[in-house]
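Q: So here's protein_30.tsv (TSV, N, CA and C atoms).
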```
chain	number	residue	atom	x	y	z
A	1139	MET	N	-7.60	26.61	1.21
A	1139	MET	CA	-6.74	25.98	0.23
A	1139	MET	C	-7.58	25.01	-0.62
A	1140	ALA	N	-7.51	25.14	-1.91
A	1140	ALA	CA	-8.28	24.28	-2.81
A	1140	ALA	C	-7.60	22.92	-2.95
A	1141	ALA	N	-8.42	21.88	-3.01
A	1141	ALA	CA	-7.90	20.52	-3.18
A	1141	ALA	C	-7.41	20.35	-4.62
A	1142	THR	N	-6.32	19.64	-4.78
A	1142	THR	CA	-5.78	19.37	-6.10
A	1142	THR	C	-6.58	18.24	-6.73
A	1143	LEU	N	-6.99	18.43	-7.97
A	1143	LEU	CA	-7.73	17.41	-8.70
A	1143	LEU	C	-6.79	16.29	-9.09
A	1144	LYS	N	-7.16	15.06	-8.73
A	1144	LYS	CA	-6.32	13.91	-9.07
A	1144	LYS	C	-6.66	13.41	-10.46
A	1145	THR	N	-5.63	13.01	-11.19
A	1145	THR	CA	-5.83	12.45	-12.53
A	1145	THR	C	-5.85	10.93	-12.41
A	1146	SER	N	-6.18	10.26	-13.50
A	1146	SER	CA	-6.19	8.79	-13.49
A	1146	SER	C	-4.80	8.24	-13.21
A	1147	ARG	N	-3.76	8.93	-13.65
A	1147	ARG	CA	-2.39	8.49	-13.38
A	1147	ARG	C	-2.04	8.59	-11.89
A	1148	ASP	N	-2.69	9.50	-11.18
A	1148	ASP	CA	-2.47	9.64	-9.74
A	1148	ASP	C	-3.16	8.52	-8.96
A	1149	MET	N	-4.27	8.02	-9.47
A	1149	MET	CA	-5.10	7.07	-8.73
A	1149	MET	C	-4.91	5.62	-9.13
A	1150	PHE	N	-4.47	5.36	-10.36
A	1150	PHE	CA	-4.42	4.00	-10.88
A	1150	PHE	C	-3.02	3.62	-11.35
A	1151	TYR	N	-2.73	2.31	-11.28
A	1151	TYR	CA	-1.58	1.75	-11.98
A	1151	TYR	C	-2.13	1.17	-13.27
A	1152	PHE	N	-1.40	1.40	-14.36
A	1152	PHE	CA	-1.72	0.85	-15.67
A	1152	PHE	C	-0.80	-0.34	-15.92
A	1153	VAL	N	-1.03	-1.05	-17.00
A	1153	VAL	CA	-0.26	-2.27	-17.27
A	1153	VAL	C	1.25	-2.01	-17.30
A	1154	GLU	N	1.67	-0.88	-17.86
A	1154	GLU	CA	3.10	-0.56	-17.91
A	1154	GLU	C	3.68	-0.42	-16.51
A	1155	ASP	N	2.89	0.15	-15.60
A	1155	ASP	CA	3.34	0.30	-14.20
A	1155	ASP	C	3.51	-1.05	-13.53
A	1156	ILE	N	2.54	-1.95	-13.76
A	1156	ILE	CA	2.61	-3.29	-13.15
A	1156	ILE	C	3.81	-4.05	-13.73
A	1157	MET	N	4.04	-3.91	-15.01
A	1157	MET	CA	5.19	-4.56	-15.64
A	1157	MET	C	6.49	-4.09	-14.98
A	1158	ARG	N	6.60	-2.80	-14.74
A	1158	ARG	CA	7.80	-2.23	-14.14
A	1158	ARG	C	7.93	-2.65	-12.68
A	1159	LEU	N	6.84	-2.58	-11.92
A	1159	LEU	CA	6.88	-2.89	-10.50
A	1159	LEU	C	7.17	-4.35	-10.20
A	1160	LEU	N	6.56	-5.25	-10.98
A	1160	LEU	CA	6.67	-6.67	-10.70
A	1160	LEU	C	7.64	-7.41	-11.63
A	1161	GLY	N	8.04	-6.76	-12.71
A	1161	GLY	CA	8.93	-7.42	-13.66
A	1161	GLY	C	8.24	-8.49	-14.48
A	1162	TYR	N	6.93	-8.37	-14.63
A	1162	TYR	CA	6.14	-9.34	-15.39
A	1162	TYR	C	5.99	-8.90	-16.84
A	1163	SER	N	5.62	-9.88	-17.68
A	1163	SER	CA	5.30	-9.58	-19.07
A	1163	SER	C	3.99	-8.80	-19.13
A	1164	ARG	N	3.69	-8.27	-20.29
A	1164	ARG	CA	2.45	-7.52	-20.47
A	1164	ARG	C	1.23	-8.41	-20.19
A	1165	SER	N	1.23	-9.64	-20.72
A	1165	SER	CA	0.05	-10.51	-20.55
A	1165	SER	C	-0.12	-10.90	-19.08
A	1166	LYS	N	0.97	-11.21	-18.39
A	1166	LYS	CA	0.89	-11.56	-16.97
A	1166	LYS	C	0.42	-10.35	-16.16
A	1167	SER	N	0.87	-9.16	-16.51
A	1167	SER	CA	0.47	-7.95	-15.80
A	1167	SER	C	-1.03	-7.68	-15.97
A	1168	TYR	N	-1.55	-7.93	-17.17
A	1168	TYR	CA	-2.99	-7.79	-17.39
A	1168	TYR	C	-3.76	-8.79	-16.52
A	1169	LYS	N	-3.21	-9.99	-16.36
A	1169	LYS	CA	-3.87	-11.00	-15.52
A	1169	LYS	C	-3.88	-10.57	-14.06
A	1170	VAL	N	-2.80	-9.95	-13.60
A	1170	VAL	CA	-2.74	-9.43	-12.23
A	1170	VAL	C	-3.81	-8.36	-12.03
A	1171	ILE	N	-3.90	-7.44	-12.98
A	1171	ILE	CA	-4.90	-6.37	-12.90
A	1171	ILE	C	-6.30	-6.97	-12.88
A	1172	ALA	N	-6.57	-7.92	-13.76
A	1172	ALA	CA	-7.90	-8.54	-13.82
A	1172	ALA	C	-8.24	-9.24	-12.52
A	1173	SER	N	-7.27	-9.92	-11.95
A	1173	SER	CA	-7.50	-10.63	-10.69
A	1173	SER	C	-7.81	-9.66	-9.55
A	1174	LEU	N	-7.04	-8.60	-9.44
A	1174	LEU	CA	-7.28	-7.61	-8.40
A	1174	LEU	C	-8.62	-6.91	-8.60
A	1175	ASN	N	-8.97	-6.65	-9.85
A	1175	ASN	CA	-10.25	-6.01	-10.13
A	1175	ASN	C	-11.43	-6.93	-9.79
A	1176	ARG	N	-11.26	-8.24	-9.98
A	1176	ARG	CA	-12.31	-9.19	-9.57
A	1176	ARG	C	-12.50	-9.15	-8.06
A	1177	GLU	N	-11.38	-9.07	-7.32
A	1177	GLU	CA	-11.47	-8.97	-5.86
A	1177	GLU	C	-12.21	-7.70	-5.46
A	1178	LEU	N	-11.89	-6.60	-6.11
A	1178	LEU	CA	-12.56	-5.33	-5.79
A	1178	LEU	C	-14.05	-5.39	-6.12
A	1179	GLU	N	-14.39	-5.98	-7.26
A	1179	GLU	CA	-15.80	-6.11	-7.66
A	1179	GLU	C	-16.57	-6.96	-6.66
A	1180	ALA	N	-15.93	-8.00	-6.13
A	1180	ALA	CA	-16.56	-8.86	-5.12
A	1180	ALA	C	-16.85	-8.08	-3.84
A	1181	LYS	N	-16.08	-7.02	-3.62
A	1181	LYS	CA	-16.29	-6.16	-2.45
A	1181	LYS	C	-17.25	-5.01	-2.76
A	1182	GLY	N	-17.80	-5.02	-3.98
A	1182	GLY	CA	-18.77	-4.00	-4.37
A	1182	GLY	C	-18.15	-2.71	-4.87
A	1183	LYS	N	-16.88	-2.74	-5.23
A	1183	LYS	CA	-16.19	-1.54	-5.72
A	1183	LYS	C	-16.25	-1.47	-7.24
A	1184	CYS	N	-16.25	-0.27	-7.77
A	1184	CYS	CA	-16.21	-0.07	-9.22
A	1184	CYS	C	-14.77	-0.23	-9.69
A	1185	THR	N	-14.58	-0.80	-10.86
A	1185	THR	CA	-13.25	-0.99	-11.43
A	1185	THR	C	-13.22	-0.51	-12.87
A	1186	CYS	N	-12.02	-0.37	-13.40
A	1186	CYS	CA	-11.82	0.00	-14.80
A	1186	CYS	C	-10.90	-1.02	-15.44
A	1187	ASP	N	-11.27	-1.50	-16.61
A	1187	ASP	CA	-10.43	-2.47	-17.32
A	1187	ASP	C	-9.05	-1.88	-17.59
A	1188	GLY	N	-8.01	-2.71	-17.43
A	1188	GLY	CA	-6.67	-2.31	-17.78
A	1188	GLY	C	-5.96	-1.43	-16.78
A	1189	ARG	N	-6.57	-1.23	-15.62
A	1189	ARG	CA	-5.94	-0.43	-14.57
A	1189	ARG	C	-6.45	-0.90	-13.22
A	1190	VAL	N	-5.67	-0.64	-12.18
A	1190	VAL	CA	-6.06	-1.04	-10.84
A	1190	VAL	C	-5.76	0.11	-9.89
A	1191	ILE	N	-6.57	0.25	-8.87
A	1191	ILE	CA	-6.39	1.31	-7.89
A	1191	ILE	C	-5.04	1.12	-7.19
A	1192	LYS	N	-4.23	2.17	-7.18
A	1192	LYS	CA	-2.89	2.10	-6.59
A	1192	LYS	C	-2.93	1.65	-5.13
A	1193	ARG	N	-3.82	2.24	-4.36
A	1193	ARG	CA	-3.88	1.92	-2.94
A	1193	ARG	C	-4.15	0.44	-2.70
A	1194	TYR	N	-5.05	-0.14	-3.49
A	1194	TYR	CA	-5.38	-1.56	-3.33
A	1194	TYR	C	-4.21	-2.43	-3.77
A	1195	PHE	N	-3.59	-2.11	-4.90
A	1195	PHE	CA	-2.43	-2.87	-5.36
A	1195	PHE	C	-1.33	-2.84	-4.30
A	1196	ASN	N	-1.02	-1.66	-3.80
A	1196	ASN	CA	0.04	-1.51	-2.80
A	1196	ASN	C	-0.27	-2.31	-1.54
A	1197	GLU	N	-1.53	-2.30	-1.14
A	1197	GLU	CA	-1.94	-3.06	0.05
A	1197	GLU	C	-1.75	-4.56	-0.19
A	1198	ARG	N	-2.22	-5.06	-1.31
A	1198	ARG	CA	-2.16	-6.50	-1.61
A	1198	ARG	C	-0.74	-7.01	-1.81
A	1199	TYR	N	0.14	-6.15	-2.34
A	1199	TYR	CA	1.51	-6.56	-2.60
A	1199	TYR	C	2.49	-6.09	-1.53
A	1200	GLY	N	1.96	-5.58	-0.43
A	1200	GLY	CA	2.80	-5.18	0.69
A	1200	GLY	C	3.69	-3.99	0.42
A	1201	LEU	N	3.24	-3.09	-0.43
A	1201	LEU	CA	4.04	-1.92	-0.78
A	1201	LEU	C	3.63	-0.67	-0.01
A	1202	GLU	N	2.66	-0.80	0.87
A	1202	GLU	CA	2.22	0.35	1.66
A	1202	GLU	C	3.29	0.75	2.65
A	1203	GLU	N	3.45	2.03	2.82
A	1203	GLU	CA	4.36	2.52	3.84
A	1203	GLU	C	3.72	2.28	5.20
A	1204	PRO	N	4.50	1.82	6.17
A	1204	PRO	CA	3.92	1.60	7.50
A	1204	PRO	C	3.46	2.92	8.10
A	1205	GLU	N	2.37	2.83	8.86
A	1205	GLU	CA	1.85	4.02	9.53
A	1205	GLU	C	2.87	4.48	10.56
A	1206	PRO	N	3.16	5.77	10.59
A	1206	PRO	CA	4.10	6.25	11.60
A	1206	PRO	C	3.48	6.08	12.99
A	1207	THR	N	4.27	5.62	13.91
A	1207	THR	CA	3.77	5.45	15.28
A	1207	THR	C	4.05	6.72	16.05
A	1208	ALA	N	3.11	7.06	16.88
A	1208	ALA	CA	3.26	8.27	17.68
A	1208	ALA	C	4.32	8.01	18.75
A	1209	ARG	N	5.21	8.96	18.92
A	1209	ARG	CA	6.24	8.81	19.95
A	1209	ARG	C	5.65	9.18	21.29
A	1210	LYS	N	5.95	8.35	22.25
A	1210	LYS	CA	5.49	8.65	23.60
A	1210	LYS	C	6.50	9.56	24.26
A	1211	ARG	N	5.98	10.55	24.90
A	1211	ARG	CA	6.87	11.47	25.62
A	1211	ARG	C	7.12	10.95	27.00
A	1212	ALA	N	8.35	11.04	27.41
A	1212	ALA	CA	8.73	10.55	28.75
A	1212	ALA	C	8.45	11.56	29.83
```
Step by step, read the file and then write its structure as structure tokens.
A:
Amino acid sequence: MAATLKTSRDMFYFVEDIMRLLGYSRSKSYKVIASLNRELEAKGKCTCDGRVIKRYFNERYGLEEPEPTARKRA
């Protein structure tokens, strides 16, 4: 099975996404993105202006789905 190629929309949140998710203005949303990208750069990660990695944003804002726990069999 071939892997599906991910697009930038699959991997990143853009300013419009942050505005919708957090209810912030455009300028505040850009500040959130810039702040998160500075954190990523400090960790040695590559970033892109005006967008933030979805996984990192979700982790920082507590939007990650909890890992399913394995059920123990009796």
Q: Given only N, CA and C atoms as the basis, pick out the residue of A:Tyr1162, A:Leu1174, A:Val1153, A:Leu1143 nearest to Tyr1194 (chain A).
A: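 Of the candidates, the smallest distance to Tyr1194 (chain A) is held by A:Leu1174.
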Q: Need to verify the contact set: Met1149 (chain A), 12 Å, only C-alpha atoms, exclusion of same-chain residues closer than 4 positions in sequence. Can you return it as number ranges by chain?
A: A: 1143-1145, 1185-1186, 1189-1196
Q: Which is closest to Tyr1168 (chain A) among A:Leu1201, A:Glu1154, A:Cys1184, A:Thr1142, if we use all atoms listed in the file?
A: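 Answer, going by the shortest atom-to-atom distance: A:Glu1154.
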Q: Work out how far apart CA of Ala1172 (chain A) and CA of Glu1197 (chain A) are and give it in Å to one decimal.
A: 16.1 Å
Q: Could you go through region 1147-1189 of chain A and tell me which residues DSSP, when run on the backbone, assigns to helix (DSSP H, G or I), listing them as a VMD selection string?
A: chain A and resid 1147 to 1149 1153 to 1160 1164 to 1180
Q: Could you check how far atom N of Arg1158 (chain A) sits from atom C of Asn1175 (chain A), in Å to one decimal?
A: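 Interatomic distance here is 19.1 Å.
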Q: One decimal, Å: what's the distance from atom N of Ser1165 (chain A) over to CA of Tyr1151 (chain A), could you say?
A: 14.6 Å
Q: Reconstruct region 1153-1167 of chain A at the level of N, CA, C and O atoms, and format the result as an mmCIF file, keeping the file's coordinate frame.
A:
```
data_model
loop_
_atom_site.group_PDB
_atom_site.id
_atom_site.type_symbol
_atom_site.label_atom_id
_atom_site.label_comp_id
_atom_site.auth_asym_id
_atom_site.auth_seq_id
_atom_site.Cartn_x
_atom_site.Cartn_y
_atom_site.Cartn_z
ATOM 1 N N VAL A 1153 -1.030 -1.050 -17.000
ATOM 2 C CA VAL A 1153 -0.260 -2.270 -17.270
ATOM 3 C C VAL A 1153 1.250 -2.010 -17.300
ATOM 4 O O VAL A 1153 2.029 -2.804 -16.794
ATOM 5 N N GLU A 1154 1.670 -0.880 -17.860
ATOM 6 C CA GLU A 1154 3.100 -0.560 -17.910
ATOM 7 C C GLU A 1154 3.680 -0.420 -16.510
ATOM 8 O O GLU A 1154 4.824 -0.800 -16.248
ATOM 9 N N ASP A 1155 2.890 0.150 -15.600
ATOM 10 C CA ASP A 1155 3.340 0.300 -14.200
ATOM 11 C C ASP A 1155 3.510 -1.050 -13.530
ATOM 12 O O ASP A 1155 4.495 -1.287 -12.819
ATOM 13 N N ILE A 1156 2.540 -1.950 -13.760
ATOM 14 C CA ILE A 1156 2.610 -3.290 -13.150
ATOM 15 C C ILE A 1156 3.810 -4.050 -13.730
ATOM 16 O O ILE A 1156 4.532 -4.725 -12.989
ATOM 17 N N MET A 1157 4.040 -3.910 -15.010
ATOM 18 C CA MET A 1157 5.190 -4.560 -15.640
ATOM 19 C C MET A 1157 6.490 -4.090 -14.980
ATOM 20 O O MET A 1157 7.362 -4.901 -14.670
ATOM 21 N N ARG A 1158 6.600 -2.800 -14.740
ATOM 22 C CA ARG A 1158 7.800 -2.230 -14.140
ATOM 23 C C ARG A 1158 7.930 -2.650 -12.680
ATOM 24 O O ARG A 1158 9.011 -3.051 -12.231
ATOM 25 N N LEU A 1159 6.840 -2.580 -11.920
ATOM 26 C CA LEU A 1159 6.880 -2.890 -10.500
ATOM 27 C C LEU A 1159 7.170 -4.350 -10.200
ATOM 28 O O LEU A 1159 7.920 -4.674 -9.281
ATOM 29 N N LEU A 1160 6.560 -5.250 -10.980
ATOM 30 C CA LEU A 1160 6.670 -6.670 -10.700
ATOM 31 C C LEU A 1160 7.640 -7.410 -11.630
ATOM 32 O O LEU A 1160 7.976 -8.567 -11.373
ATOM 33 N N GLY A 1161 8.040 -6.760 -12.710
ATOM 34 C CA GLY A 1161 8.930 -7.420 -13.660
ATOM 35 C C GLY A 1161 8.240 -8.490 -14.480
ATOM 36 O O GLY A 1161 8.881 -9.417 -14.969
ATOM 37 N N TYR A 1162 6.930 -8.370 -14.630
ATOM 38 C CA TYR A 1162 6.140 -9.340 -15.390
ATOM 39 C C TYR A 1162 5.990 -8.900 -16.840
ATOM 40 O O TYR A 1162 6.159 -7.734 -17.178
ATOM 41 N N SER A 1163 5.620 -9.880 -17.680
ATOM 42 C CA SER A 1163 5.300 -9.580 -19.070
ATOM 43 C C SER A 1163 3.990 -8.800 -19.130
ATOM 44 O O SER A 1163 3.261 -8.708 -18.133
ATOM 45 N N ARG A 1164 3.690 -8.270 -20.290
ATOM 46 C CA ARG A 1164 2.450 -7.520 -20.470
ATOM 47 C C ARG A 1164 1.230 -8.410 -20.190
ATOM 48 O O ARG A 1164 0.323 -8.016 -19.465
ATOM 49 N N SER A 1165 1.230 -9.640 -20.720
ATOM 50 C CA SER A 1165 0.050 -10.510 -20.550
ATOM 51 C C SER A 1165 -0.120 -10.900 -19.080
ATOM 52 O O SER A 1165 -1.240 -10.915 -18.569
ATOM 53 N N LYS A 1166 0.970 -11.210 -18.390
ATOM 54 C CA LYS A 1166 0.890 -11.560 -16.970
ATOM 55 C C LYS A 1166 0.420 -10.350 -16.160
ATOM 56 O O LYS A 1166 -0.376 -10.482 -15.225
ATOM 57 N N SER A 1167 0.870 -9.160 -16.510
ATOM 58 C CA SER A 1167 0.470 -7.950 -15.800
ATOM 59 C C SER A 1167 -1.030 -7.680 -15.970
ATOM 60 O O SER A 1167 -1.696 -7.279 -15.021
#
```
